[in-house]
Amino acid sequence: MRWLLVAVFVAGCPSAFKPGPCDGSGGMSTGGSGTGSFQDSAALTGVRQSVHLESPVSGCLASSELSVTAKVYDQDNVEVPATVEHVVLESFIASADVVFTPVNPGNHHLTARFEPNLGIQQADVVVVADRRGDKGTAVQVPSGTTCDAVTLLPSTAVLCLRTSRSLLEVYRAGALVQSITGVSAYATRGDVVWTGGVTLVRGEDRGAGMLARSGAIGGASGAQLKILPGGDVLEITPGHIYRSGFDGGAVVQPFVPVAVNFSGPVALSPGGLRVLGIGARGACVASVPGQGPAESGCSEQTGSSIGADHGGVWSGNNGSGLVTYFAALDTLPLDGGQVTSSQLTLPNNWIVQSSTFAPAVETSVPGFGPAGPAGDSMAVGSGLPRASGGTLILEEFAPKAGTARGDDVQVLVTAPDGTMRVVQRGP
């Protein structure tokens, strides 16, 4: 008789019998054991997304009794229209797909409430701005020419950097007019081009032919170059900051260098008063030669510098998935005080694909993307970070099988056929 009772119990449970409240293991608590997890996936703006969420069922529940409601909020806490599809109850697991189409980049937070009283499941999706279709400006160079960085001068002349050869080439209307050798760094401001190496050279673009050499002085090979608002140039090495200027007839270096302890890419504050670097000694800030007393100090904020743009320094590693942006402000403390920062958590399985920074490039941001290849044309293959207001966002420029590298102002996009274009980044 005992075995007969058990048989009746098993057969009758799914359709009618309810041994107590049929609630999930988490009850009404949030953050239960659904398959959606924090920063679970990446998505592109304008592309329909479907996020699968699950909730365990610990008791008996008929499929007709299961219901799911969901909400999606973007990075600014604005609700995004969403629907729930494919609500299923199978093998004591309730599941549903939350469907939405993101409009703005940034983190999107999803919540799904499973009823009756099964709990709330959550997930986060990092939305990347889809800018693969931005046309930009075509780079006029001979077919087959490859550049590690490109600058379009006001005259439409093209500067093409070839890092491995320490070479900076000048093109006009698609024709090579000058090759500058021994270039370990270069920076531009308007029609002025500074090239660094064993010799620091100031050149001018006069609209035709080669760059006119207006002055030169002994340089610090391998230094990063940053141009101050007034036109002077900084050569920044791991140990010193040197300042040079043009007095109308020659390049001069009238200021005493500032001793520093930098490693990796550094950023110049907007007003040219501070230089910021992130390394083993922390967030290090130094004064600029000629801008008051020579001072520098490091806070305890540590990280690994992987890029720098016109607004700050990017820090991160492939272990934590956490990217930190340290803002280069004119008011940064020189006594080792804290440096303002903001953070971005990368999607699951995303890494630093390539640190596009090289000393020869004045500014560049790191590239991020999945550890493996993107599955199809609508999947997110890469993302370049940008500080937008008080938040950090990712933008994708690279076409499939193409590349994109740049800074916070512009991006060099190389198509699979080798053609290049320069795309301006938004405010």
# chains A, B, ... in the order shown; residues from 1 in each chain; ligands from 1
>>> select_by_dssp(residues="stretch 2-199 of chain A", states="helix (DSSP H, G or I)", output="CSV table (one decimal) with C-alpha atoms, in the first residue's frame")
chain,number,residue,atom,x,y,z
A,2,ARG,CA,2.9,2.4,0.7
A,3,TRP,CA,4.2,2.0,-2.9
A,4,LEU,CA,0.8,2.7,-4.3
A,5,LEU,CA,0.5,6.0,-2.4
A,6,VAL,CA,3.8,7.2,-3.7
A,7,ALA,CA,2.8,6.4,-7.3
A,8,VAL,CA,-0.4,8.5,-6.8
A,9,PHE,CA,1.6,11.4,-5.4
A,10,VAL,CA,4.0,11.6,-8.3
A,11,ALA,CA,1.3,11.3,-10.9
A,12,GLY,CA,-1.0,13.8,-9.4
A,63,SER,CA,2.3,26.4,-16.6
A,64,SER,CA,-1.0,28.4,-16.8
A,65,GLU,CA,-0.2,29.9,-13.4
A,163,THR,CA,55.8,53.0,-36.0
A,164,SER,CA,58.0,50.0,-36.7
A,165,ARG,CA,60.1,52.1,-39.1
>>> residues_around(residues="stretch 175-177 of chain A", least_positions_apart="3", cutoff="7 Å", atoms="only C-alpha atoms", output="list in words")
Val141, Pro142, Val170, Tyr171, Arg172, Gly209 and Met210 of chain A
>>> closest_residue(among="A:Ser55, A:Gln224, A:Ser166, A:Thr302", to="A:Glu90", atoms="only C-alpha atoms")
A:Ser55
>>> atom_distance(atom1="atom CA of A:Gly282", atom2="atom CA of A:Val266")
12.7 Å
>>> closest_residue(among="A:Gly264, A:Thr363, A:Gly215, A:Gly271", to="A:Pro229", atoms="only C-alpha atoms")
A:Gly271
>>> residues_around(residues="stretch 403-413 of chain A", least_positions_apart="6", cutoff="6 Å", atoms="only C-alpha atoms", output="PyMOL selection string")
chain A and resi 309+363-365+386+420-425
>>> write_last_selection(atoms="N, CA and C atoms", output="short mmCIF file (atom, residue, chain, number, x, y, z; two decimals), in the first residue's frame")
data_model
loop_
_atom_site.label_atom_id
_atom_site.label_comp_id
_atom_site.auth_asym_id
_atom_site.auth_seq_id
_atom_site.Cartn_x
_atom_site.Cartn_y
_atom_site.Cartn_z
N ASP A 309 44.13 59.95 -23.28
CA ASP A 309 43.54 60.83 -24.29
C ASP A 309 43.69 62.28 -23.83
N THR A 363 48.07 60.91 -28.36
CA THR A 363 46.98 60.38 -27.53
C THR A 363 46.35 59.17 -28.21
N SER A 364 45.97 58.16 -27.43
CA SER A 364 45.24 57.01 -27.96
C SER A 364 44.59 56.27 -26.81
N VAL A 365 43.43 55.67 -27.09
CA VAL A 365 42.71 54.92 -26.07
C VAL A 365 42.87 53.43 -26.35
N ARG A 386 35.16 56.05 -24.24
CA ARG A 386 35.15 57.52 -24.26
C ARG A 386 34.43 58.02 -23.02
N MET A 420 41.31 53.57 -45.78
CA MET A 420 41.22 54.17 -44.46
C MET A 420 40.35 55.42 -44.47
N ARG A 421 39.71 55.68 -43.33
CA ARG A 421 38.97 56.92 -43.15
C ARG A 421 39.12 57.38 -41.72
N VAL A 422 39.00 58.69 -41.50
CA VAL A 422 39.08 59.27 -40.17
C VAL A 422 37.68 59.71 -39.75
N VAL A 423 37.23 59.21 -38.60
CA VAL A 423 35.90 59.51 -38.08
C VAL A 423 36.03 60.33 -36.82
N GLN A 424 35.30 61.43 -36.75
CA GLN A 424 35.30 62.27 -35.56
C GLN A 424 34.38 61.65 -34.50
N ARG A 425 34.82 61.71 -33.24
CA ARG A 425 34.00 61.22 -32.15
C ARG A 425 33.10 62.32 -31.62
#
>>> select_by_dssp(residues="stretch 201-318 of chain A", states="strand (DSSP E or B)", output="tab-separated table (two decimals) with N, CA and C atoms, in the first residue's frame")
chain	number	residue	atom	x	y	z
A	201	VAL	N	62.14	68.56	-33.56
A	201	VAL	CA	62.03	69.44	-34.73
A	201	VAL	C	60.64	70.06	-34.78
A	202	ARG	N	60.60	71.37	-35.06
A	202	ARG	CA	59.34	72.07	-35.28
A	202	ARG	C	59.18	72.30	-36.78
A	203	GLY	N	58.09	71.79	-37.32
A	203	GLY	CA	57.81	71.96	-38.73
A	203	GLY	C	56.50	72.70	-38.94
A	204	GLU	N	56.35	73.31	-40.11
A	204	GLU	CA	55.13	74.05	-40.44
A	204	GLU	C	54.59	73.57	-41.78
A	212	ALA	N	57.87	72.78	-43.76
A	212	ALA	CA	58.99	73.70	-43.62
A	212	ALA	C	59.57	73.58	-42.22
A	213	ARG	N	60.86	73.34	-42.14
A	213	ARG	CA	61.53	73.18	-40.84
A	213	ARG	C	61.85	74.56	-40.28
A	214	SER	N	61.20	74.89	-39.16
A	214	SER	CA	61.38	76.23	-38.57
A	214	SER	C	62.35	76.25	-37.41
A	215	GLY	N	62.76	75.10	-36.90
A	215	GLY	CA	63.71	75.08	-35.80
A	215	GLY	C	63.91	73.68	-35.26
A	216	ALA	N	65.00	73.47	-34.52
A	216	ALA	CA	65.30	72.16	-33.95
A	216	ALA	C	66.20	72.32	-32.73
A	217	ILE	N	66.16	71.30	-31.86
A	217	ILE	CA	67.00	71.27	-30.67
A	217	ILE	C	67.18	69.82	-30.28
A	218	GLY	N	68.22	69.51	-29.50
A	218	GLY	CA	68.42	68.14	-29.04
A	218	GLY	C	67.20	67.61	-28.32
A	224	GLN	N	57.22	60.94	-24.78
A	224	GLN	CA	55.89	61.30	-25.25
A	224	GLN	C	55.85	62.80	-25.47
A	225	LEU	N	55.13	63.24	-26.50
A	225	LEU	CA	55.00	64.66	-26.80
A	225	LEU	C	53.59	65.15	-26.47
A	226	LYS	N	53.50	66.29	-25.79
A	226	LYS	CA	52.23	66.95	-25.51
A	226	LYS	C	52.39	68.43	-25.81
A	227	ILE	N	51.43	69.00	-26.53
A	227	ILE	CA	51.51	70.41	-26.88
A	227	ILE	C	50.67	71.23	-25.89
A	233	VAL	N	55.91	72.74	-26.48
A	233	VAL	CA	55.77	71.29	-26.49
A	233	VAL	C	56.50	70.69	-25.29
A	234	LEU	N	55.89	69.65	-24.72
A	234	LEU	CA	56.51	68.91	-23.61
A	234	LEU	C	57.04	67.59	-24.14
A	235	GLU	N	58.27	67.25	-23.74
A	235	GLU	CA	58.81	65.92	-23.94
A	235	GLU	C	58.77	65.23	-22.58
A	236	ILE	N	58.04	64.13	-22.48
A	236	ILE	CA	57.81	63.48	-21.19
A	236	ILE	C	58.43	62.09	-21.22
A	240	HIS	N	61.62	62.61	-16.45
A	240	HIS	CA	61.63	64.06	-16.53
A	240	HIS	C	60.57	64.60	-17.50
A	241	ILE	N	60.22	65.86	-17.27
A	241	ILE	CA	59.39	66.61	-18.21
A	241	ILE	C	60.22	67.80	-18.70
A	242	TYR	N	60.41	67.87	-20.02
A	242	TYR	CA	61.14	68.98	-20.63
A	242	TYR	C	60.17	69.85	-21.42
A	243	ARG	N	60.41	71.15	-21.41
A	243	ARG	CA	59.54	72.08	-22.14
A	243	ARG	C	60.35	72.87	-23.15
A	244	SER	N	59.89	72.89	-24.39
A	244	SER	CA	60.55	73.64	-25.45
A	244	SER	C	59.53	74.54	-26.14
A	245	GLY	N	60.00	75.65	-26.69
A	245	GLY	CA	59.14	76.58	-27.40
A	245	GLY	C	59.85	77.18	-28.59
A	246	PHE	N	59.14	77.99	-29.35
A	246	PHE	CA	59.68	78.64	-30.54
A	246	PHE	C	59.59	80.15	-30.34
A	251	VAL	N	64.13	77.07	-31.85
A	251	VAL	CA	63.53	76.31	-30.76
A	251	VAL	C	64.38	76.50	-29.53
A	252	VAL	N	63.76	76.88	-28.43
A	252	VAL	CA	64.50	77.15	-27.19
A	252	VAL	C	63.91	76.31	-26.07
A	258	VAL	N	61.24	69.18	-14.89
A	258	VAL	CA	60.62	68.69	-13.66
A	258	VAL	C	60.91	67.19	-13.54
A	259	ALA	N	61.45	66.77	-12.40
A	259	ALA	CA	61.71	65.35	-12.16
A	259	ALA	C	60.42	64.63	-11.82
A	266	VAL	N	50.73	59.06	-20.38
A	266	VAL	CA	50.39	60.15	-19.47
A	266	VAL	C	49.45	61.12	-20.18
A	267	ALA	N	48.76	61.93	-19.40
A	267	ALA	CA	47.81	62.90	-19.95
A	267	ALA	C	48.17	64.30	-19.46
A	268	LEU	N	47.88	65.29	-20.29
A	268	LEU	CA	48.08	66.70	-19.97
A	268	LEU	C	46.73	67.32	-19.63
A	274	ARG	N	49.09	70.53	-15.39
A	274	ARG	CA	49.42	69.27	-14.73
A	274	ARG	C	49.65	68.18	-15.77
A	275	VAL	N	50.54	67.23	-15.38
A	275	VAL	CA	50.71	65.99	-16.14
A	275	VAL	C	50.38	64.84	-15.21
A	276	LEU	N	49.55	63.90	-15.70
A	276	LEU	CA	49.06	62.79	-14.88
A	276	LEU	C	49.49	61.46	-15.48
A	277	GLY	N	49.99	60.57	-14.63
A	277	GLY	CA	50.33	59.22	-15.04
A	277	GLY	C	49.91	58.22	-13.98
A	278	ILE	N	49.65	56.98	-14.37
A	278	ILE	CA	49.24	55.93	-13.44
A	278	ILE	C	50.23	54.79	-13.55
A	279	GLY	N	50.78	54.33	-12.43
A	279	GLY	CA	51.75	53.26	-12.49
A	279	GLY	C	51.94	52.58	-11.15
A	282	GLY	N	51.40	54.52	-8.04
A	282	GLY	CA	50.08	55.11	-7.85
A	282	GLY	C	49.75	56.12	-8.92
A	283	ALA	N	48.79	56.99	-8.62
A	283	ALA	CA	48.42	58.08	-9.53
A	283	ALA	C	49.38	59.24	-9.26
A	284	CYS	N	50.26	59.48	-10.23
A	284	CYS	CA	51.31	60.49	-10.04
A	284	CYS	C	50.99	61.75	-10.83
A	285	VAL	N	51.11	62.89	-10.15
A	285	VAL	CA	50.80	64.20	-10.74
A	285	VAL	C	52.04	65.06	-10.67
A	286	ALA	N	52.35	65.76	-11.74
A	286	ALA	CA	53.51	66.65	-11.77
A	286	ALA	C	53.13	68.00	-12.33
A	287	SER	N	53.84	69.02	-11.89
A	287	SER	CA	53.67	70.35	-12.45
A	287	SER	C	54.39	70.42	-13.79
A	296	SER	N	55.92	67.27	-7.72
A	296	SER	CA	55.24	66.05	-8.15
A	296	SER	C	54.93	65.20	-6.92
A	297	GLY	N	53.88	64.39	-7.04
A	297	GLY	CA	53.49	63.51	-5.94
A	297	GLY	C	52.62	62.39	-6.44
A	298	CYS	N	52.56	61.29	-5.69
A	298	CYS	CA	51.80	60.11	-6.09
A	298	CYS	C	50.84	59.71	-4.98
A	305	SER	N	48.53	51.65	-16.54
A	305	SER	CA	48.14	52.60	-17.57
A	305	SER	C	48.12	51.92	-18.93
A	306	ILE	N	46.98	51.96	-19.61
A	306	ILE	CA	46.84	51.30	-20.91
A	306	ILE	C	46.48	52.26	-22.02
A	307	GLY	N	46.39	53.54	-21.73
A	307	GLY	CA	46.08	54.53	-22.75
A	307	GLY	C	45.85	55.89	-22.14
A	308	ALA	N	45.94	56.92	-22.96
A	308	ALA	CA	45.70	58.28	-22.49
A	308	ALA	C	45.10	59.10	-23.62
A	312	GLY	N	42.38	62.44	-19.88
A	312	GLY	CA	42.82	61.65	-18.75
A	312	GLY	C	43.55	60.38	-19.17
A	313	VAL	N	43.72	59.49	-18.20
A	313	VAL	CA	44.47	58.24	-18.39
A	313	VAL	C	43.55	57.05	-18.14
A	314	TRP	N	43.67	56.03	-19.00
A	314	TRP	CA	42.90	54.80	-18.87
A	314	TRP	C	43.75	53.74	-18.18
A	315	SER	N	43.15	53.05	-17.21
A	315	SER	CA	43.86	52.04	-16.44
A	315	SER	C	43.01	50.78	-16.36
A	316	GLY	N	43.66	49.62	-16.41
A	316	GLY	CA	42.90	48.37	-16.29
A	316	GLY	C	43.79	47.18	-16.56
>>> residues_around(residues="A:Gly311", least_positions_apart="3", cutoff="7 Å", atoms="only C-alpha atoms", output="VMD selection string")
chain A and resid 267 269 327 to 328
